[in-house]
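Raw run-v7.pdb, PDB, C-alpha atoms, pLDDT in the B column:
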ATOM      1  CA  MET T   1     -18.079   7.181  -1.006  1.00 59.00           C
ATOM      2  CA  LYS T   2     -18.683   8.618   2.466  1.00 63.00           C
ATOM      3  CA  LYS T   3     -15.929  11.207   2.004  1.00 72.00           C
ATOM      4  CA  MET T   4     -17.368  12.230  -1.352  1.00 77.00           C
ATOM      5  CA  LYS T   5     -20.842  12.699   0.135  1.00 77.00           C
ATOM      6  CA  LEU T   6     -19.401  14.670   3.035  1.00 73.00           C
ATOM      7  CA  ALA T   7     -17.398  16.938   0.734  1.00 82.00           C
ATOM      8  CA  LEU T   8     -20.361  17.461  -1.610  1.00 82.00           C
ATOM      9  CA  PHE T   9     -22.696  18.333   1.270  1.00 77.00           C
ATOM     10  CA  ASN T  10     -20.301  20.909   2.707  1.00 82.00           C
ATOM     11  CA  VAL T  11     -19.590  22.469  -0.693  1.00 84.00           C
ATOM     12  CA  ILE T  12     -23.310  22.825  -1.401  1.00 86.00           C
ATOM     13  CA  PHE T  13     -23.891  24.221   2.116  1.00 76.00           C
ATOM     14  CA  ALA T  14     -21.130  26.804   1.591  1.00 81.00           C
ATOM     15  CA  ILE T  15     -22.588  27.868  -1.793  1.00 82.00           C
ATOM     16  CA  VAL T  16     -26.081  28.246  -0.318  1.00 77.00           C
ATOM     17  CA  ALA T  17     -24.697  30.252   2.625  1.00 75.00           C
ATOM     18  CA  ILE T  18     -22.831  32.590   0.269  1.00 78.00           C
ATOM     19  CA  LEU T  19     -25.951  33.097  -1.850  1.00 73.00           C
ATOM     20  CA  CYS T  20     -28.031  33.848   1.244  1.00 75.00           C
ATOM     21  CA  PHE T  21     -25.684  36.612   2.387  1.00 73.00           C
ATOM     22  CA  SER T  22     -24.925  37.888  -1.106  1.00 71.00           C
ATOM     23  CA  LYS T  23     -26.574  41.096  -2.296  1.00 69.00           C
ATOM     24  CA  ARG T  24     -27.581  39.263  -5.458  1.00 69.00           C
ATOM     25  CA  GLY T  25     -29.124  36.548  -3.324  1.00 67.00           C
ATOM     26  CA  LEU T  26     -31.313  36.965  -0.257  1.00 68.00           C
ATOM     27  CA  GLY T  27     -29.100  39.763   1.032  1.00 70.00           C
ATOM     28  CA  LEU T  28     -29.184  38.596   4.627  1.00 70.00           C
ATOM     29  CA  SER T  29     -27.399  40.866   7.087  1.00 71.00           C
ATOM     30  CA  PHE T  30     -26.691  41.109  10.802  1.00 71.00           C
ATOM     31  CA  ASP T  31     -26.853  44.905  10.587  1.00 68.00           C
ATOM     32  CA  PRO T  32     -30.030  46.071  12.455  1.00 71.00           C
ATOM     33  CA  SER T  33     -30.041  49.278  10.398  1.00 71.00           C
ATOM     34  CA  ASN T  34     -31.148  47.276   7.352  1.00 69.00           C
ATOM     35  CA  GLY T  35     -34.499  46.628   8.979  1.00 71.00           C
ATOM     36  CA  ALA T  36     -35.842  44.622  11.898  1.00 75.00           C
ATOM     37  CA  PHE T  37     -37.516  42.060   9.633  1.00 72.00           C
ATOM     38  CA  LEU T  38     -34.315  41.327   7.689  1.00 70.00           C
ATOM     39  CA  PHE T  39     -32.294  41.241  10.883  1.00 71.00           C
ATOM     40  CA  ALA T  40     -34.733  38.787  12.550  1.00 76.00           C
ATOM     41  CA  GLY T  41     -34.825  36.637   9.401  1.00 71.00           C
ATOM     42  CA  THR T  42     -31.028  36.543   9.306  1.00 74.00           C
ATOM     43  CA  ILE T  43     -30.866  35.377  12.930  1.00 77.00           C
ATOM     44  CA  ALA T  44     -33.523  32.704  12.377  1.00 77.00           C
ATOM     45  CA  LEU T  45     -31.996  31.370   9.154  1.00 75.00           C
ATOM     46  CA  SER T  46     -28.541  31.399  10.723  1.00 79.00           C
ATOM     47  CA  PHE T  47     -29.689  29.187  13.584  1.00 81.00           C
ATOM     48  CA  PHE T  48     -31.468  26.931  11.107  1.00 80.00           C
ATOM     49  CA  GLY T  49     -28.370  26.784   8.899  1.00 78.00           C
ATOM     50  CA  VAL T  50     -26.100  25.878  11.800  1.00 83.00           C
ATOM     51  CA  ALA T  51     -28.533  23.130  12.819  1.00 86.00           C
ATOM     52  CA  VAL T  52     -28.627  21.740   9.264  1.00 81.00           C
ATOM     53  CA  PHE T  53     -24.832  21.889   9.040  1.00 81.00           C
ATOM     54  CA  ILE T  54     -24.323  19.988  12.309  1.00 85.00           C
ATOM     55  CA  PHE T  55     -27.078  17.443  11.638  1.00 81.00           C
ATOM     56  CA  GLY T  56     -26.002  16.816   8.033  1.00 79.00           C
ATOM     57  CA  ASN T  57     -22.377  16.241   8.939  1.00 79.00           C
ATOM     58  CA  TYR T  58     -23.345  14.042  11.893  1.00 77.00           C
ATOM     59  CA  VAL T  59     -25.561  11.836   9.740  1.00 78.00           C
ATOM     60  CA  LEU T  60     -22.956  11.499   6.975  1.00 71.00           C
ATOM     61  CA  LEU T  61     -20.113  10.781   9.401  1.00 73.00           C
ATOM     62  CA  ASN T  62     -22.100   8.049  11.137  1.00 71.00           C
ATOM     63  CA  GLN T  63     -23.627   6.580   8.005  1.00 64.00           C
ATOM     64  CA  ARG T  64     -22.802   2.929   7.464  1.00 58.00           C
ATOM     65  CA  GLU T  65     -21.420   2.316   4.024  1.00 53.00           C
ATOM     66  CA  SER T  66     -22.859  -0.441   1.898  1.00 52.00           C
ATOM     67  CA  SER T  67     -20.251  -3.162   1.944  1.00 52.00           C
ATOM     68  CA  ASN T  68     -21.727  -6.220   0.303  1.00 56.00           C
ATOM     69  CA  PRO T  69     -19.320  -6.945  -2.554  1.00 57.00           C
ATOM     70  CA  LYS T  70     -20.681  -8.561  -5.709  1.00 57.00           C
ATOM     71  CA  ILE T  71     -19.218 -12.005  -5.147  1.00 58.00           C
ATOM     72  CA  GLY T  72     -19.855 -13.128  -8.708  1.00 59.00           C
ATOM     73  CA  LYS T  73     -17.560 -10.420 -10.033  1.00 77.00           C
ATOM     74  CA  LEU T  74     -14.565 -11.235  -7.858  1.00 81.00           C
ATOM     75  CA  THR T  75     -12.416 -12.630 -10.654  1.00 85.00           C
ATOM     76  CA  THR T  76      -9.114 -10.831 -10.056  1.00 89.00           C
ATOM     77  CA  VAL T  77      -6.719 -10.229  -7.189  1.00 92.00           C
ATOM     78  CA  GLU T  78      -7.663  -6.535  -7.240  1.00 92.00           C
ATOM     79  CA  ASP T  79     -11.392  -7.344  -6.956  1.00 91.00           C
ATOM     80  CA  CYS T  80     -10.787  -9.596  -3.969  1.00 93.00           C
ATOM     81  CA  MET T  81      -8.544  -7.119  -2.191  1.00 93.00           C
ATOM     82  CA  SER T  82     -11.090  -4.331  -2.623  1.00 91.00           C
ATOM     83  CA  ALA T  83     -13.813  -6.560  -1.162  1.00 92.00           C
ATOM     84  CA  LEU T  84     -11.597  -7.565   1.770  1.00 93.00           C
ATOM     85  CA  TYR T  85     -10.837  -3.925   2.584  1.00 91.00           C
ATOM     86  CA  GLN T  86     -14.593  -3.371   2.829  1.00 89.00           C
ATOM     87  CA  CYS T  87     -14.919  -6.432   5.051  1.00 90.00           C
ATOM     88  CA  LYS T  88     -12.404  -4.857   7.455  1.00 90.00           C
ATOM     89  CA  LYS T  89     -15.007  -2.172   8.152  1.00 87.00           C
ATOM     90  CA  THR T  90     -17.975  -4.506   8.585  1.00 87.00           C
ATOM     91  CA  ASP T  91     -16.313  -7.520  10.197  1.00 91.00           C
ATOM     92  CA  PRO T  92     -13.694  -6.205  12.665  1.00 91.00           C
ATOM     93  CA  SER T  93     -14.004  -9.410  14.684  1.00 92.00           C
ATOM     94  CA  PHE T  94     -12.165 -11.164  11.830  1.00 95.00           C
ATOM     95  CA  MET T  95      -9.506  -8.480  11.396  1.00 95.00           C
ATOM     96  CA  ALA T  96      -6.547 -10.853  11.774  1.00 96.00           C
ATOM     97  CA  GLU T  97      -7.976 -13.312   9.252  1.00 97.00           C
ATOM     98  CA  ILE T  98      -8.834 -10.553   6.769  1.00 96.00           C
ATOM     99  CA  GLU T  99      -5.353  -9.059   7.054  1.00 97.00           C
ATOM    100  CA  GLN T 100      -3.827 -12.480   6.413  1.00 97.00           C
ATOM    101  CA  ALA T 101      -6.035 -12.983   3.358  1.00 97.00           C
ATOM    102  CA  ILE T 102      -4.977  -9.594   1.981  1.00 96.00           C
ATOM    103  CA  GLU T 103      -1.299 -10.442   2.488  1.00 97.00           C
ATOM    104  CA  GLN T 104      -1.820 -13.758   0.714  1.00 96.00           C
ATOM    105  CA  LEU T 105      -3.282 -11.956  -2.283  1.00 96.00           C
ATOM    106  CA  LYS T 106      -0.317  -9.579  -2.337  1.00 96.00           C
ATOM    107  CA  SER T 107       2.033 -12.590  -2.232  1.00 96.00           C
ATOM    108  CA  LEU T 108       0.093 -14.236  -5.062  1.00 95.00           C
ATOM    109  CA  GLN T 109       0.481 -11.130  -7.210  1.00 95.00           C
ATOM    110  CA  ARG T 110       4.210 -10.907  -6.492  1.00 95.00           C
ATOM    111  CA  ARG T 111       4.713 -14.545  -7.439  1.00 93.00           C
ATOM    112  CA  ARG T 112       2.763 -14.076 -10.656  1.00 93.00           C
ATOM    113  CA  ASP T 113       4.842 -11.030 -11.588  1.00 94.00           C
ATOM    114  CA  SER T 114       8.080 -12.827 -10.727  1.00 93.00           C
ATOM    115  CA  LEU T 115       7.212 -15.805 -12.924  1.00 91.00           C
ATOM    116  CA  LYS T 116       6.346 -13.594 -15.881  1.00 90.00           C
ATOM    117  CA  MET T 117       9.551 -11.624 -15.476  1.00 91.00           C
ATOM    118  CA  LEU T 118      11.739 -14.733 -15.231  1.00 88.00           C
ATOM    119  CA  LEU T 119      10.225 -16.304 -18.341  1.00 86.00           C
ATOM    120  CA  HIS T 120      10.478 -13.022 -20.235  1.00 85.00           C
ATOM    121  CA  LEU T 121      14.074 -12.249 -19.236  1.00 85.00           C
ATOM    122  CA  ASN T 122      15.218 -15.710 -20.261  1.00 80.00           C
ATOM    123  CA  ASP T 123      13.088 -15.647 -23.441  1.00 79.00           C
ATOM    124  CA  VAL T 124      11.484 -18.999 -22.661  1.00 75.00           C
ATOM    125  CA  SER T 125       7.814 -17.978 -22.313  1.00 73.00           C
ATOM    126  CA  GLU T 126       6.735 -20.257 -25.175  1.00 75.00           C
ATOM    127  CA  SER T 127       8.958 -23.178 -24.199  1.00 73.00           C
ATOM    128  CA  PHE T 128       7.633 -23.172 -20.635  1.00 78.00           C
ATOM    129  CA  ASP T 129       4.020 -22.262 -21.427  1.00 81.00           C
ATOM    130  CA  TYR T 130       2.840 -25.078 -19.145  1.00 85.00           C
ATOM    131  CA  LEU T 131       4.192 -23.040 -16.221  1.00 86.00           C
ATOM    132  CA  ASN T 132       1.831 -20.205 -17.108  1.00 86.00           C
ATOM    133  CA  ASN T 133      -1.055 -22.659 -17.259  1.00 87.00           C
ATOM    134  CA  THR T 134      -0.200 -23.937 -13.801  1.00 89.00           C
ATOM    135  CA  ALA T 135       0.136 -20.375 -12.510  1.00 90.00           C
ATOM    136  CA  ASN T 136      -3.287 -19.487 -13.930  1.00 90.00           C
ATOM    137  CA  VAL T 137      -4.888 -22.396 -12.111  1.00 90.00           C
ATOM    138  CA  ALA T 138      -3.087 -21.445  -8.898  1.00 92.00           C
ATOM    139  CA  ASP T 139      -4.427 -17.891  -9.239  1.00 92.00           C
ATOM    140  CA  LYS T 140      -7.957 -19.205  -9.677  1.00 92.00           C
ATOM    141  CA  TYR T 141      -7.540 -21.538  -6.717  1.00 93.00           C
ATOM    142  CA  VAL T 142      -6.561 -18.740  -4.332  1.00 94.00           C
ATOM    143  CA  ILE T 143      -9.208 -16.339  -5.680  1.00 93.00           C
ATOM    144  CA  SER T 144     -11.875 -19.027  -5.313  1.00 92.00           C
ATOM    145  CA  ASN T 145     -10.789 -19.572  -1.720  1.00 94.00           C
ATOM    146  CA  ILE T 146     -10.891 -15.849  -0.989  1.00 95.00           C
ATOM    147  CA  LYS T 147     -14.438 -15.728  -2.378  1.00 93.00           C
ATOM    148  CA  SER T 148     -15.381 -18.492   0.053  1.00 93.00           C
ATOM    149  CA  ILE T 149     -13.935 -16.431   2.915  1.00 95.00           C
ATOM    150  CA  ILE T 150     -15.876 -13.330   1.866  1.00 93.00           C
ATOM    151  CA  ASN T 151     -19.058 -15.402   1.581  1.00 91.00           C
ATOM    152  CA  ARG T 152     -18.597 -16.558   5.160  1.00 93.00           C
ATOM    153  CA  LEU T 153     -17.938 -12.997   6.364  1.00 92.00           C
ATOM    154  CA  ILE T 154     -21.143 -11.779   4.709  1.00 90.00           C
ATOM    155  CA  ALA T 155     -23.108 -14.602   6.317  1.00 89.00           C
ATOM    156  CA  PHE T 156     -21.794 -13.718   9.794  1.00 90.00           C
ATOM    157  CA  ASP T 157     -23.721 -10.963  11.609  1.00 87.00           C
ATOM    158  CA  ASN T 158     -20.793  -9.106  13.131  1.00 86.00           C
ATOM    159  CA  GLU T 159     -22.931  -6.290  14.558  1.00 84.00           C
ATOM    160  CA  GLU T 160     -25.168  -8.720  16.408  1.00 85.00           C
ATOM    161  CA  TYR T 161     -22.104 -10.552  17.688  1.00 86.00           C
ATOM    162  CA  LEU T 162     -20.599  -7.348  19.092  1.00 85.00           C
ATOM    163  CA  GLN T 163     -23.856  -6.555  20.882  1.00 84.00           C
ATOM    164  CA  SER T 164     -24.033  -9.999  22.441  1.00 84.00           C
ATOM    165  CA  LYS T 165     -21.051 -12.301  21.993  1.00 78.00           C
ATOM    166  CA  ASP T 166     -23.131 -15.294  23.090  1.00 79.00           C
ATOM    167  CA  SER T 167     -25.521 -14.786  20.176  1.00 73.00           C
ATOM    168  CA  ALA T 168     -23.259 -16.275  17.501  1.00 77.00           C
ATOM    169  CA  ASP T 169     -20.767 -19.120  17.266  1.00 85.00           C
ATOM    170  CA  ILE T 170     -17.815 -17.177  15.915  1.00 91.00           C
ATOM    171  CA  SER T 171     -15.361 -20.019  16.584  1.00 91.00           C
ATOM    172  CA  SER T 172     -16.780 -22.207  13.798  1.00 92.00           C
ATOM    173  CA  HIS T 173     -16.546 -19.317  11.330  1.00 94.00           C
ATOM    174  CA  LYS T 174     -12.962 -18.575  12.326  1.00 94.00           C
ATOM    175  CA  ALA T 175     -12.027 -22.254  12.051  1.00 95.00           C
ATOM    176  CA  TYR T 176     -13.508 -22.423   8.554  1.00 95.00           C
ATOM    177  CA  ILE T 177     -11.700 -19.277   7.399  1.00 96.00           C
ATOM    178  CA  ARG T 178      -8.392 -20.304   8.957  1.00 96.00           C
ATOM    179  CA  GLY T 179      -8.660 -23.667   7.216  1.00 96.00           C
ATOM    180  CA  ILE T 180      -8.956 -21.909   3.863  1.00 96.00           C
ATOM    181  CA  LEU T 181      -6.047 -19.620   4.717  1.00 96.00           C
ATOM    182  CA  GLU T 182      -3.935 -22.700   5.424  1.00 96.00           C
ATOM    183  CA  GLU T 183      -4.843 -24.069   1.985  1.00 94.00           C
ATOM    184  CA  ASN T 184      -3.728 -20.801   0.399  1.00 95.00           C
ATOM    185  CA  LYS T 185      -0.530 -20.896   2.445  1.00 95.00           C
ATOM    186  CA  THR T 186       0.303 -24.324   1.030  1.00 94.00           C
ATOM    187  CA  VAL T 187      -0.386 -23.186  -2.540  1.00 93.00           C
ATOM    188  CA  LEU T 188       1.792 -20.093  -2.124  1.00 94.00           C
ATOM    189  CA  LYS T 189       4.605 -22.202  -0.666  1.00 93.00           C
ATOM    190  CA  GLU T 190       4.599 -24.603  -3.622  1.00 92.00           C
ATOM    191  CA  TYR T 191       4.248 -21.638  -5.998  1.00 92.00           C
ATOM    192  CA  SER T 192       7.396 -20.121  -4.476  1.00 93.00           C
ATOM    193  CA  SER T 193       9.292 -23.403  -4.876  1.00 91.00           C
ATOM    194  CA  MET T 194       8.321 -23.546  -8.544  1.00 89.00           C
ATOM    195  CA  ILE T 195       9.545 -19.982  -9.112  1.00 90.00           C
ATOM    196  CA  GLU T 196      12.819 -20.776  -7.362  1.00 89.00           C
ATOM    197  CA  ALA T 197      13.333 -23.703  -9.724  1.00 86.00           C
ATOM    198  CA  VAL T 198      12.495 -21.497 -12.717  1.00 85.00           C
ATOM    199  CA  SER T 199      15.033 -18.896 -11.558  1.00 86.00           C
ATOM    200  CA  LYS T 200      17.777 -21.427 -12.372  1.00 82.00           C
ATOM    201  CA  ILE T 201      16.881 -21.517 -16.071  1.00 77.00           C
ATOM    202  CA  GLY T 202      19.881 -19.339 -16.857  1.00 67.00           C
ATOM    203  CA  ASP T 203      22.308 -21.737 -15.137  1.00 66.00           C
ATOM    204  CA  GLN T 204      24.583 -23.825 -17.336  1.00 55.00           C
ATOM    205  CA  ASN T 205      23.712 -27.000 -15.440  1.00 59.00           C
ATOM    206  CA  ILE T 206      19.953 -26.438 -15.523  1.00 60.00           C
ATOM    207  CA  ASN T 207      17.901 -29.297 -14.127  1.00 63.00           C
ATOM    208  CA  LEU T 208      14.638 -29.405 -16.082  1.00 71.00           C
ATOM    209  CA  SER T 209      13.381 -32.304 -14.010  1.00 76.00           C
ATOM    210  CA  ASN T 210      13.553 -30.085 -10.923  1.00 75.00           C
ATOM    211  CA  ILE T 211      11.286 -27.511 -12.559  1.00 80.00           C
ATOM    212  CA  LYS T 212       8.874 -30.233 -13.616  1.00 81.00           C
ATOM    213  CA  SER T 213       8.811 -31.766 -10.158  1.00 84.00           C
ATOM    214  CA  MET T 214       8.099 -28.378  -8.535  1.00 82.00           C
ATOM    215  CA  THR T 215       5.354 -27.726 -11.074  1.00 85.00           C
ATOM    216  CA  ALA T 216       3.902 -31.169 -10.420  1.00 86.00           C
ATOM    217  CA  ALA T 217       3.906 -30.469  -6.684  1.00 84.00           C
ATOM    218  CA  LEU T 218       1.910 -27.267  -7.185  1.00 86.00           C
ATOM    219  CA  ASN T 219      -0.467 -29.004  -9.580  1.00 82.00           C
ATOM    220  CA  LYS T 220      -1.053 -31.709  -6.997  1.00 83.00           C
ATOM    221  CA  VAL T 221      -2.091 -29.145  -4.386  1.00 83.00           C
ATOM    222  CA  ILE T 222      -4.532 -27.295  -6.638  1.00 83.00           C
ATOM    223  CA  LYS T 223      -5.955 -30.380  -8.337  1.00 78.00           C
ATOM    224  CA  GLY T 224      -9.682 -31.018  -8.151  1.00 60.00           C
ATOM    225  CA  LYS T 225     -10.948 -27.492  -7.532  1.00 64.00           C
ATOM    226  CA  ASN T 226     -13.864 -26.353  -9.728  1.00 57.00           C
ATOM    227  CA  PHE T 227     -13.283 -22.926 -11.310  1.00 56.00           C
ATOM    228  CA  ASP T 228     -16.166 -22.933 -13.816  1.00 53.00           C
ATOM    229  CA  SER T 229     -17.878 -19.981 -12.123  1.00 50.00           C
ATOM    230  CA  LEU T 230     -14.773 -17.838 -12.424  1.00 52.00           C
ATOM    231  CA  ASP T 231     -14.393 -18.645 -16.118  1.00 51.00           C
ATOM    232  CA  GLU T 232     -18.062 -17.858 -16.797  1.00 48.00           C
ATOM    233  CA  ASN T 233     -17.811 -14.499 -15.039  1.00 46.00           C
ATOM    234  CA  LYS T 234     -14.784 -13.502 -17.109  1.00 46.00           C
ATOM    235  CA  GLU T 235     -16.624 -14.369 -20.316  1.00 45.00           C
ATOM    236  CA  THR T 236     -19.616 -12.199 -19.402  1.00 41.00           C
ATOM    237  CA  GLN T 237     -17.550  -9.146 -18.482  1.00 40.00           C
TER     238      GLN T 237
END
Using the file provided, produce a representation of the structure as structure tokens.
Amino acid sequence: MKKMKLALFNVIFAIVAILCFSKRGLGLSFDPSNGAFLFAGTIALSFFGVAVFIFGNYVLLNQRESSNPKIGKLTTVEDCMSALYQCKKTDPSFMAEIEQAIEQLKSLQRRRDSLKMLLHLNDVSESFDYLNNTANVADKYVISNIKSIINRLIAFDNEEYLQSKDSADISSHKAYIRGILEENKTVLKEYSSMIEAVSKIGDQNINLSNIKSMTAALNKVIKGKNFDSLDENKETQ
């Protein structure tokens, strides 16, 4: 948004400048032979234009972008990643945690794609539909956790903390966020184990009990989380 505003301002400034010096416009000129009044007006407007150009670009370059994501609408991996990229600008004190959260979302997406591809390639999507159900819940679990992280980042006054690092207890916020990241790490680990078991579907000596046990392990990790808010948001979109 900032780049768009900056580009728009400079384009408009260039058009106005061209019109001012155009014969069909104001006809400004630095040639004294065109009259002292026109020459003086050209000098004055030129100084004014340069001042506007410098001030406008300075203000736009230093303008803080609005970065409060609409938490209620974070229902997909893409939504969460977009919000986290904004948080990198407003909460640099949590850069390591934000980067880890982004990587976890990328891992979640890769696992989801891998599961779909494995089921499709082996033509067993319907037979193993319960795997998709488990994957859907795992997706919601991680997204819900990421929303909790973003909520905490919004609540933390990073600017005040940078001005006076004794003004806020950042350690409790970091501990909370890192705890959630550890939960996601566990889910992604069990998710990976389930996919590994599914990858053996094409083997002659396939062990269905192994797939079920890996699925049960993932279900155990994500059990008990309330995802009603996510479901409601999807219905209203």
- Item | Pairwise distance for CA of Leu60 in chain T and CA of Ser82 in chain T, rounded to one decimal in Å |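 If I compute the distance from CA of Leu60 in chain T to CA of Ser82 in chain T, I get 22.0 Å.
Minimum atom-to-atom distance to Tyr191 in chain T, evaluated using only C-alpha atoms, belongs to T:Asn132 out of T:Ser46, T:Asn132, T:Ser209, T:Ser164.
What the PyMOL selection byres ((chain T and resi 9) around 12) matches in the given file is Lys2, Lys3, Met4, Lys5, Leu6, Ala7, Leu8, Asn10, Val11, Ile12, Phe13, Ala14, Ile15, Val16, Val52, Phe53, Ile54, Phe55, Gly56, Asn57, Tyr58, Val59, Leu60 and Leu61 of chain T.
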- For Leu115 in chain T, which of T:Leu162, T:Met81, T:Gly41, T:Thr134 is the closest residue, counting all atoms listed in the file? T:Thr134
Write out as a compact mmCIF listing (two decimals) with C-alpha atoms, in the coordinates of the input which residues come within 9 Å of Ile177 in chain T when counting all atoms listed in the file, dropping same-chain ones fewer than 5 positions away.
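Output file result37.txt is given in full below:
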# COMPACT_ATOMS: atom_id res chain seq x y z
CA GLU T 97 -7.98 -13.31 9.25
CA SER T 148 -15.38 -18.49 0.05
CA ILE T 149 -13.94 -16.43 2.92
CA ARG T 152 -18.60 -16.56 5.16
CA LEU T 153 -17.94 -13.00 6.36
CA SER T 172 -16.78 -22.21 13.80
CA GLU T 182 -3.94 -22.70 5.42
- Task: Within 8 Å of (-11.5, -17.8, 8.0) (coordinates as in the file), grab all the protein and nucleic acid residues, counting all atoms listed in the file, and write them out as a list in words.
- Result: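 Those residues, ordered by chain and then number, are Phe94, Glu97, Ile98, Ile149, Arg152, His173, Lys174, Ala175, Tyr176, Ile177, Arg178, Gly179, Ile180 and Leu181 of chain T.
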Please write the residues from the selection above to a file, keeping C-alpha atoms, as a PDB file, in the coordinates of the input.
ATOM      1  CA  PHE T  94     -12.165 -11.164  11.830  1.00 95.00           C
ATOM      2  CA  GLU T  97      -7.976 -13.312   9.252  1.00 97.00           C
ATOM      3  CA  ILE T  98      -8.834 -10.553   6.769  1.00 96.00           C
ATOM      4  CA  ILE T 149     -13.935 -16.431   2.915  1.00 95.00           C
ATOM      5  CA  ARG T 152     -18.597 -16.558   5.160  1.00 93.00           C
ATOM      6  CA  HIS T 173     -16.546 -19.317  11.330  1.00 94.00           C
ATOM      7  CA  LYS T 174     -12.962 -18.575  12.326  1.00 94.00           C
ATOM      8  CA  ALA T 175     -12.027 -22.254  12.051  1.00 95.00           C
ATOM      9  CA  TYR T 176     -13.508 -22.423   8.554  1.00 95.00           C
ATOM     10  CA  ILE T 177     -11.700 -19.277   7.399  1.00 96.00           C
ATOM     11  CA  ARG T 178      -8.392 -20.304   8.957  1.00 96.00           C
ATOM     12  CA  GLY T 179      -8.660 -23.667   7.216  1.00 96.00           C
ATOM     13  CA  ILE T 180      -8.956 -21.909   3.863  1.00 96.00           C
ATOM     14  CA  LEU T 181      -6.047 -19.620   4.717  1.00 96.00           C
TER      15      LEU T 181
END
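Atom pair CA of Leu119 in chain T / CA of Asp79 in chain T: separated by 26.0 Å.
Non-sequential neighbours of Ser93 in chain T (distance at most 9 Å, separation of 5 or more positions within a chain, only C-alpha atoms) are Lys88, Asn158, Tyr161, Leu162 and Ile170 of chain T.
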- Item | Long-range neighbours of Ser199 in chain T as a ChimeraX atom specification, 12 Å cut-off, all atoms listed in the file, 4 positions minimum in chain | /T:111,114-122,124,192-195,203,206-208,210-211
Writer output for current selection, C-alpha atoms, as a PDB file, in the coordinates of the input:
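And here is the file that came out, part_26.pdb:
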ATOM      1  CA  ARG T 111       4.713 -14.545  -7.439  1.00 93.00           C
ATOM      2  CA  SER T 114       8.080 -12.827 -10.727  1.00 93.00           C
ATOM      3  CA  LEU T 115       7.212 -15.805 -12.924  1.00 91.00           C
ATOM      4  CA  LYS T 116       6.346 -13.594 -15.881  1.00 90.00           C
ATOM      5  CA  MET T 117       9.551 -11.624 -15.476  1.00 91.00           C
ATOM      6  CA  LEU T 118      11.739 -14.733 -15.231  1.00 88.00           C
ATOM      7  CA  LEU T 119      10.225 -16.304 -18.341  1.00 86.00           C
ATOM      8  CA  HIS T 120      10.478 -13.022 -20.235  1.00 85.00           C
ATOM      9  CA  LEU T 121      14.074 -12.249 -19.236  1.00 85.00           C
ATOM     10  CA  ASN T 122      15.218 -15.710 -20.261  1.00 80.00           C
ATOM     11  CA  VAL T 124      11.484 -18.999 -22.661  1.00 75.00           C
ATOM     12  CA  SER T 192       7.396 -20.121  -4.476  1.00 93.00           C
ATOM     13  CA  SER T 193       9.292 -23.403  -4.876  1.00 91.00           C
ATOM     14  CA  MET T 194       8.321 -23.546  -8.544  1.00 89.00           C
ATOM     15  CA  ILE T 195       9.545 -19.982  -9.112  1.00 90.00           C
ATOM     16  CA  ASP T 203      22.308 -21.737 -15.137  1.00 66.00           C
ATOM     17  CA  ILE T 206      19.953 -26.438 -15.523  1.00 60.00           C
ATOM     18  CA  ASN T 207      17.901 -29.297 -14.127  1.00 63.00           C
ATOM     19  CA  LEU T 208      14.638 -29.405 -16.082  1.00 71.00           C
ATOM     20  CA  ASN T 210      13.553 -30.085 -10.923  1.00 75.00           C
ATOM     21  CA  ILE T 211      11.286 -27.511 -12.559  1.00 80.00           C
TER      22      ILE T 211
END
- Query: Quick one: which residues end up in the PyMOL selection byres ((chain T and resi 109) around 12) for this structure, as number ranges by chain?
  - Reply: T: 76-78, 80-81, 102-108, 110-116, 135-136, 138-140, 142-143, 188, 191-192
Residues from last step as file, C-alpha atoms, as a PDB file, in the frame of the given file:
ATOM      1  CA  THR T  76      -9.114 -10.831 -10.056  1.00 89.00           C
ATOM      2  CA  VAL T  77      -6.719 -10.229  -7.189  1.00 92.00           C
ATOM      3  CA  GLU T  78      -7.663  -6.535  -7.240  1.00 92.00           C
ATOM      4  CA  CYS T  80     -10.787  -9.596  -3.969  1.00 93.00           C
ATOM      5  CA  MET T  81      -8.544  -7.119  -2.191  1.00 93.00           C
ATOM      6  CA  ILE T 102      -4.977  -9.594   1.981  1.00 96.00           C
ATOM      7  CA  GLU T 103      -1.299 -10.442   2.488  1.00 97.00           C
ATOM      8  CA  GLN T 104      -1.820 -13.758   0.714  1.00 96.00           C
ATOM      9  CA  LEU T 105      -3.282 -11.956  -2.283  1.00 96.00           C
ATOM     10  CA  LYS T 106      -0.317  -9.579  -2.337  1.00 96.00           C
ATOM     11  CA  SER T 107       2.033 -12.590  -2.232  1.00 96.00           C
ATOM     12  CA  LEU T 108       0.093 -14.236  -5.062  1.00 95.00           C
ATOM     13  CA  ARG T 110       4.210 -10.907  -6.492  1.00 95.00           C
ATOM     14  CA  ARG T 111       4.713 -14.545  -7.439  1.00 93.00           C
ATOM     15  CA  ARG T 112       2.763 -14.076 -10.656  1.00 93.00           C
ATOM     16  CA  ASP T 113       4.842 -11.030 -11.588  1.00 94.00           C
ATOM     17  CA  SER T 114       8.080 -12.827 -10.727  1.00 93.00           C
ATOM     18  CA  LEU T 115       7.212 -15.805 -12.924  1.00 91.00           C
ATOM     19  CA  LYS T 116       6.346 -13.594 -15.881  1.00 90.00           C
ATOM     20  CA  ALA T 135       0.136 -20.375 -12.510  1.00 90.00           C
ATOM     21  CA  ASN T 136      -3.287 -19.487 -13.930  1.00 90.00           C
ATOM     22  CA  ALA T 138      -3.087 -21.445  -8.898  1.00 92.00           C
ATOM     23  CA  ASP T 139      -4.427 -17.891  -9.239  1.00 92.00           C
ATOM     24  CA  LYS T 140      -7.957 -19.205  -9.677  1.00 92.00           C
ATOM     25  CA  VAL T 142      -6.561 -18.740  -4.332  1.00 94.00           C
ATOM     26  CA  ILE T 143      -9.208 -16.339  -5.680  1.00 93.00           C
ATOM     27  CA  LEU T 188       1.792 -20.093  -2.124  1.00 94.00           C
ATOM     28  CA  TYR T 191       4.248 -21.638  -5.998  1.00 92.00           C
ATOM     29  CA  SER T 192       7.396 -20.121  -4.476  1.00 93.00           C
TER      30      SER T 192
END
